[in-house]
Amino acid sequence: MLTVEGISTYYGNIQALKEINLKVEEGEIVTLIGSNGAGKTTTLLTISGLLKPARGRVTFCSRDITGVPPHNIVKMGISHVPEGRRIFPQMTLMENLEMGAFSRTDKREIKNDLEKVFHIFPQLKGREKQLAGTLSGGEQQMLAMGRALMSRPRLLLLDEPSMGLAPMIVKEIFQIIEEINSQGTTILLVEQNAQMALKTAQKGYVLETGRIVMQDNASSLLENDDVRKSYLGE
Amino acid sequence: MISAYYLQIIILVGINIIMASSLNLVVGYTGQLSIGHAAFMSLGAYVSAIVTLQTGLPFIVSLLLGAAVAGLFGILIGIPTLRLKGDYLAIATLGFGEIIRIIFLNLKITGGAVGLRGIPKETTLLWVIGVTLLSLFVLQRIINSRVGRALIAIREDETAAESMGINTTYYKTLAFGVGAFFAGLGGGLFAHYFRYIHPNVFGFMRSIEQLCMVVLGGLGNMWGAIIGATALTAIPELLRAGAEYRLLVYGAILVLMMRARPQGLLGESIGQTGGRSLKRRKTLFTKIKLFRRNK
């Protein structure tokens, strides 16, 4: 479904990604793990068009989307939940969700999808008029994911959904990720919480200073000694 | 009826409301700091005045032509500069304002430093009221539409807006163009009321004054822009009794105002609530909710 071939992305003179290759098949949860500054976020930003790679190619559903502006990539079916959630703080919860459906015009379907989002995130129900900036961290994460789902993505890019959340909430978020996936959305998940990510995903890639150093089934990576030492704290 | 003095103040209030509310679309709703708004006003003023003087076309035509040229320049300037953010955009719009001023200062058709004289007096109180209400109506319609939501999303978080599928460059340029169009209308009214314009009327200080109106009234609030424009037009006049001290008092009012209510009289922006007590914060939120558009 998504193929990333040899992308290199720079911030000014600094090369953040060095020839990254990865593949996501339809229906999968694929995770990208690695430490701070390894290039996980940069990879997602490059896929969703917010950054342009200097070299390499991104293909989505057999269409070349390298260099396509982000608003068109959303229309093609890739939705990005950015790091740190980035909800619109001074809009209400409902307005945030409506913004997620900005690129769509099918009003009736949007209404249906709102119902679906409230079904997946029952915590958000009844708070439609609350300013999003006054929600708790966990609720904001749920809102950010709900907002991204409102564009009806075929592929959902999740950047550090567990960041700054209490362990209980993290568990909940990961259950929701599995639920979203089981309803037919493919997921590319970037995480520092490697344990949770590898348990949820089918496939995993390990990033180190802008390079992919390992790729395998998630369960094998969980068993791998190097991964256990470096990322699982054992 | 009303004396010429009061009539002039009322007309200035109307024009300033158009200026402040159009600038509010760019700064308050879209979050793009522009300090060259007076340049668009001058484009509207000069183009409409020249059209009236040279062709004798009806006022409405020259007024609209002036606004259209200003709007077009808004788009042309917006395309390269709106890639810049915050302070950088402010400096770029400042530079643009100066360029326009200096061009008008050196062109023959604009009368150079002497300015344009003998513009027919077409602007009446009725014109000002009509154009002001119409501008406010159109701007309010834009803000409450899909376009308005996109603009507010850009202000709130540009990257997030972009990943929602909003073409941020397009909407920012649109806001800039629409803002410039209405500034041009204000300029046209101005030129045809005072009958004499010269480049320094539309200098940097006028841009700053218009920005003050928006900030004082409250960024991202239409009533705020109206009140800000009215207050900052009327206060200097009311202070006339104080002669040379009036600008001092005027400045002090601005400083005190920003200290007491940094979000402006009716502003939405919560900003840094810092040491604010929870209770005050709560009332702030309730107020924000009250002022949010009623659906």
# chains A, B, ... in the order shown; residues from 1 in each chain; ligands from 1
$ interface_residues --of "chain B" --to "chain A" --cutoff "7 Å" --atoms "only C-alpha atoms" --output "JSON, numbers by chain"
{"B": [153, 156, 157, 160, 162, 163, 164, 165, 166, 167]}
$ select_by_dssp --residues "region 136-224 of chain A" --states "helix (DSSP H, G or I)" --output "number ranges by chain"
A: 137-149, 167-182, 194-200, 218-223
$ residues_around --residues "region 7-22 of chain B" --least-positions-apart "4" --cutoff "8 Å" --atoms "only C-alpha atoms" --output "PyMOL selection string"
chain B and resi 2-3+26+37+41+125+128-129+132+135-136+139+178-180+182-183+186-187+189-190+210-211+213-214+222+225-226+228-230+233-234
$ residues_around --residues "Ala70 (chain B)" --least-positions-apart "2" --cutoff "12 Å" --atoms "only C-alpha atoms" --output "MDAnalysis selection string"
chainID B and resid 37:48 63:68 72:78 100 176:188
$ residues_around --residues "region 212-226 of chain A" --least-positions-apart "6" --cutoff "10 Å" --atoms "only C-alpha atoms" --output "list in words"
Leu17, Lys18, Glu19, Ile20, Asn21, Leu22, Ile29, Val30, Thr31, Leu32, Ile33, Gly34, Ala38, Gly39, Ala194, Gln195, Ala197, Leu198, Lys199, Thr200, Ala201, Gln202, Lys203, Gly204, Tyr205, Val206, Leu232 and Glu234 of chain A
$ select_by_dssp --residues "chain A" --states "strand (DSSP E or B)" --output "ChimeraX atom specification"
/A:2-8,10-11,14-15,20-24,29-34,55-60,63-64,78-81,92,131,155-159,186-191,203-208,211-217
$ write_last_selection --atoms "C-alpha atoms" --output "PDB file, in the first residue's frame"
ATOM      1  CA  LEU A   2       2.752   2.414   1.018  1.00  0.00           C
ATOM      2  CA  THR A   3       6.266   2.079  -0.286  1.00  0.00           C
ATOM      3  CA  VAL A   4       9.081   4.349   0.761  1.00  0.00           C
ATOM      4  CA  GLU A   5      12.192   3.961  -1.379  1.00  0.00           C
ATOM      5  CA  GLY A   6      15.540   5.450  -0.462  1.00  0.00           C
ATOM      6  CA  ILE A   7      14.310   8.761   0.907  1.00  0.00           C
ATOM      7  CA  SER A   8      16.814  11.248   2.273  1.00  0.00           C
ATOM      8  CA  TYR A  10      17.415  17.327   5.204  1.00  0.00           C
ATOM      9  CA  TYR A  11      16.823  20.125   7.677  1.00  0.00           C
ATOM     10  CA  ILE A  14      21.640  18.411   8.410  1.00  0.00           C
ATOM     11  CA  GLN A  15      20.688  15.088   6.942  1.00  0.00           C
ATOM     12  CA  ILE A  20      15.075   5.024   4.285  1.00  0.00           C
ATOM     13  CA  ASN A  21      13.199   2.088   2.782  1.00  0.00           C
ATOM     14  CA  LEU A  22       9.994   0.766   4.215  1.00  0.00           C
ATOM     15  CA  LYS A  23       6.804  -0.920   3.199  1.00  0.00           C
ATOM     16  CA  VAL A  24       3.347  -0.997   4.691  1.00  0.00           C
ATOM     17  CA  ILE A  29      -0.015  -2.124  11.815  1.00  0.00           C
ATOM     18  CA  VAL A  30       3.623  -1.288  11.199  1.00  0.00           C
ATOM     19  CA  THR A  31       5.737   0.397  13.826  1.00  0.00           C
ATOM     20  CA  LEU A  32       8.828   2.514  13.589  1.00  0.00           C
ATOM     21  CA  ILE A  33      10.847   2.535  16.795  1.00  0.00           C
ATOM     22  CA  GLY A  34      14.067   4.228  17.786  1.00  0.00           C
ATOM     23  CA  ARG A  55      16.098  12.043  -2.889  1.00  0.00           C
ATOM     24  CA  GLY A  56      13.939   8.973  -2.978  1.00  0.00           C
ATOM     25  CA  ARG A  57      10.345   8.150  -3.699  1.00  0.00           C
ATOM     26  CA  VAL A  58       7.134   7.667  -1.755  1.00  0.00           C
ATOM     27  CA  THR A  59       4.441   5.584  -3.425  1.00  0.00           C
ATOM     28  CA  PHE A  60       0.929   5.225  -2.072  1.00  0.00           C
ATOM     29  CA  ARG A  63       0.760   6.462  -7.135  1.00  0.00           C
ATOM     30  CA  ASP A  64       3.920   8.484  -6.741  1.00  0.00           C
ATOM     31  CA  ILE A  78      -3.303   9.448   4.285  1.00  0.00           C
ATOM     32  CA  SER A  79      -4.031  11.146   7.589  1.00  0.00           C
ATOM     33  CA  HIS A  80      -1.363  12.256  10.017  1.00  0.00           C
ATOM     34  CA  VAL A  81      -1.749  12.591  13.777  1.00  0.00           C
ATOM     35  CA  THR A  92     -14.486  23.368  20.494  1.00  0.00           C
ATOM     36  CA  LEU A 131     -12.798  24.125  24.177  1.00  0.00           C
ATOM     37  CA  LEU A 155      -3.578   4.903   6.072  1.00  0.00           C
ATOM     38  CA  LEU A 156      -3.242   6.534   9.475  1.00  0.00           C
ATOM     39  CA  LEU A 157       0.131   7.893  10.551  1.00  0.00           C
ATOM     40  CA  LEU A 158       0.429   8.071  14.324  1.00  0.00           C
ATOM     41  CA  ASP A 159       3.308   9.995  15.849  1.00  0.00           C
ATOM     42  CA  THR A 186      -3.883   0.591   7.958  1.00  0.00           C
ATOM     43  CA  ILE A 187      -1.587   2.133  10.560  1.00  0.00           C
ATOM     44  CA  LEU A 188       1.996   3.308  10.589  1.00  0.00           C
ATOM     45  CA  LEU A 189       2.922   3.919  14.203  1.00  0.00           C
ATOM     46  CA  VAL A 190       5.926   5.805  15.483  1.00  0.00           C
ATOM     47  CA  GLU A 191       6.712   5.162  19.134  1.00  0.00           C
ATOM     48  CA  LYS A 203       5.910  -5.568  11.615  1.00  0.00           C
ATOM     49  CA  GLY A 204       8.604  -3.319  12.988  1.00  0.00           C
ATOM     50  CA  TYR A 205      11.462  -1.158  11.773  1.00  0.00           C
ATOM     51  CA  VAL A 206      14.259   0.095  14.003  1.00  0.00           C
ATOM     52  CA  LEU A 207      15.677   3.508  13.174  1.00  0.00           C
ATOM     53  CA  GLU A 208      19.055   4.744  14.339  1.00  0.00           C
ATOM     54  CA  ARG A 211      19.051   4.802   9.019  1.00  0.00           C
ATOM     55  CA  ILE A 212      16.960   1.664   9.233  1.00  0.00           C
ATOM     56  CA  VAL A 213      19.147  -0.783  11.115  1.00  0.00           C
ATOM     57  CA  MET A 214      16.707  -3.619  11.580  1.00  0.00           C
ATOM     58  CA  GLN A 215      13.404  -4.827  10.228  1.00  0.00           C
ATOM     59  CA  ASP A 216      11.426  -7.908  11.112  1.00  0.00           C
ATOM     60  CA  ASN A 217       8.137  -9.232  12.411  1.00  0.00           C
TER      61      ASN A 217
END
$ atom_distance --atom1 "CA of Ala241 (chain B)" --atom2 "CA of Tyr5 (chain B)"
14.7 Å
$ closest_residue --among "A:Ile177, A:Met163, A:Leu149, A:Leu124" --to "Ile110 (chain A)" --atoms "only C-alpha atoms"
A:Leu149
$ residues_around --residues "region 257-264 of chain B" --least-positions-apart "6" --cutoff "9 Å" --atoms "only C-alpha atoms" --output "number ranges by chain"
B: 214-219, 224, 228, 270-271
$ write_last_selection --atoms "N, CA and C atoms" --output "mmCIF file, in the first residue's frame"
data_model
loop_
_atom_site.group_PDB
_atom_site.id
_atom_site.type_symbol
_atom_site.label_atom_id
_atom_site.label_comp_id
_atom_site.auth_asym_id
_atom_site.auth_seq_id
_atom_site.Cartn_x
_atom_site.Cartn_y
_atom_site.Cartn_z
ATOM 1 N N VAL B 214 -6.992 46.978 16.165
ATOM 2 C CA VAL B 214 -7.351 45.563 16.186
ATOM 3 C C VAL B 214 -6.937 44.926 17.514
ATOM 4 N N VAL B 215 -5.712 45.223 17.948
ATOM 5 C CA VAL B 215 -5.209 44.607 19.177
ATOM 6 C C VAL B 215 -5.975 45.116 20.387
ATOM 7 N N LEU B 216 -6.244 46.424 20.401
ATOM 8 C CA LEU B 216 -6.975 47.009 21.525
ATOM 9 C C LEU B 216 -8.383 46.435 21.614
ATOM 10 N N GLY B 217 -9.023 46.301 20.484
ATOM 11 C CA GLY B 217 -10.391 45.795 20.485
ATOM 12 C C GLY B 217 -10.443 44.317 20.807
ATOM 13 N N GLY B 218 -9.426 43.607 20.392
ATOM 14 C CA GLY B 218 -9.392 42.165 20.642
ATOM 15 C C GLY B 218 -9.206 41.423 19.334
ATOM 16 N N LEU B 219 -8.070 40.727 19.223
ATOM 17 C CA LEU B 219 -7.773 39.986 17.999
ATOM 18 C C LEU B 219 -8.830 38.914 17.769
ATOM 19 N N GLY B 224 -14.784 43.660 18.489
ATOM 20 C CA GLY B 224 -13.553 44.238 19.017
ATOM 21 C C GLY B 224 -12.954 45.247 18.053
ATOM 22 N N GLY B 228 -12.479 49.017 18.875
ATOM 23 C CA GLY B 228 -11.102 49.513 18.838
ATOM 24 C C GLY B 228 -10.966 50.694 17.888
ATOM 25 N N ILE B 270 -6.492 33.505 24.788
ATOM 26 C CA ILE B 270 -6.256 33.242 26.192
ATOM 27 C C ILE B 270 -4.812 33.591 26.527
ATOM 28 N N GLY B 271 -3.943 33.299 25.599
ATOM 29 C CA GLY B 271 -2.536 33.651 25.740
ATOM 30 C C GLY B 271 -1.904 33.061 26.980
#
$ closest_residue --among "B:Trp223, B:Tyr196, B:Tyr29, B:Tyr6" --to "Gly118 (chain B)" --atoms "only C-alpha atoms"
B:Tyr196
$ closest_residue --among "B:Leu25, B:Ile253, B:Ile50, B:Leu84" --to "Asn144 (chain B)" --atoms "only C-alpha atoms"
B:Leu25
$ residues_around --residues "Pro236 (chain B)" --least-positions-apart "4" --cutoff "7 Å" --atoms "only C-alpha atoms" --output "count of residues only"
4
$ closest_residue --among "B:Leu23, B:Ile99, B:Leu116, B:Ala161" --to "Phe194 (chain B)" --atoms "only C-alpha atoms"
B:Leu116
$ atom_distance --atom1 "CA of Thr52 (chain B)" --atom2 "CA of Gly203 (chain B)"
23.0 Å
$ atom_distance --atom1 "CA of Val114 (chain B)" --atom2 "CA of His198 (chain B)"
6.5 Å
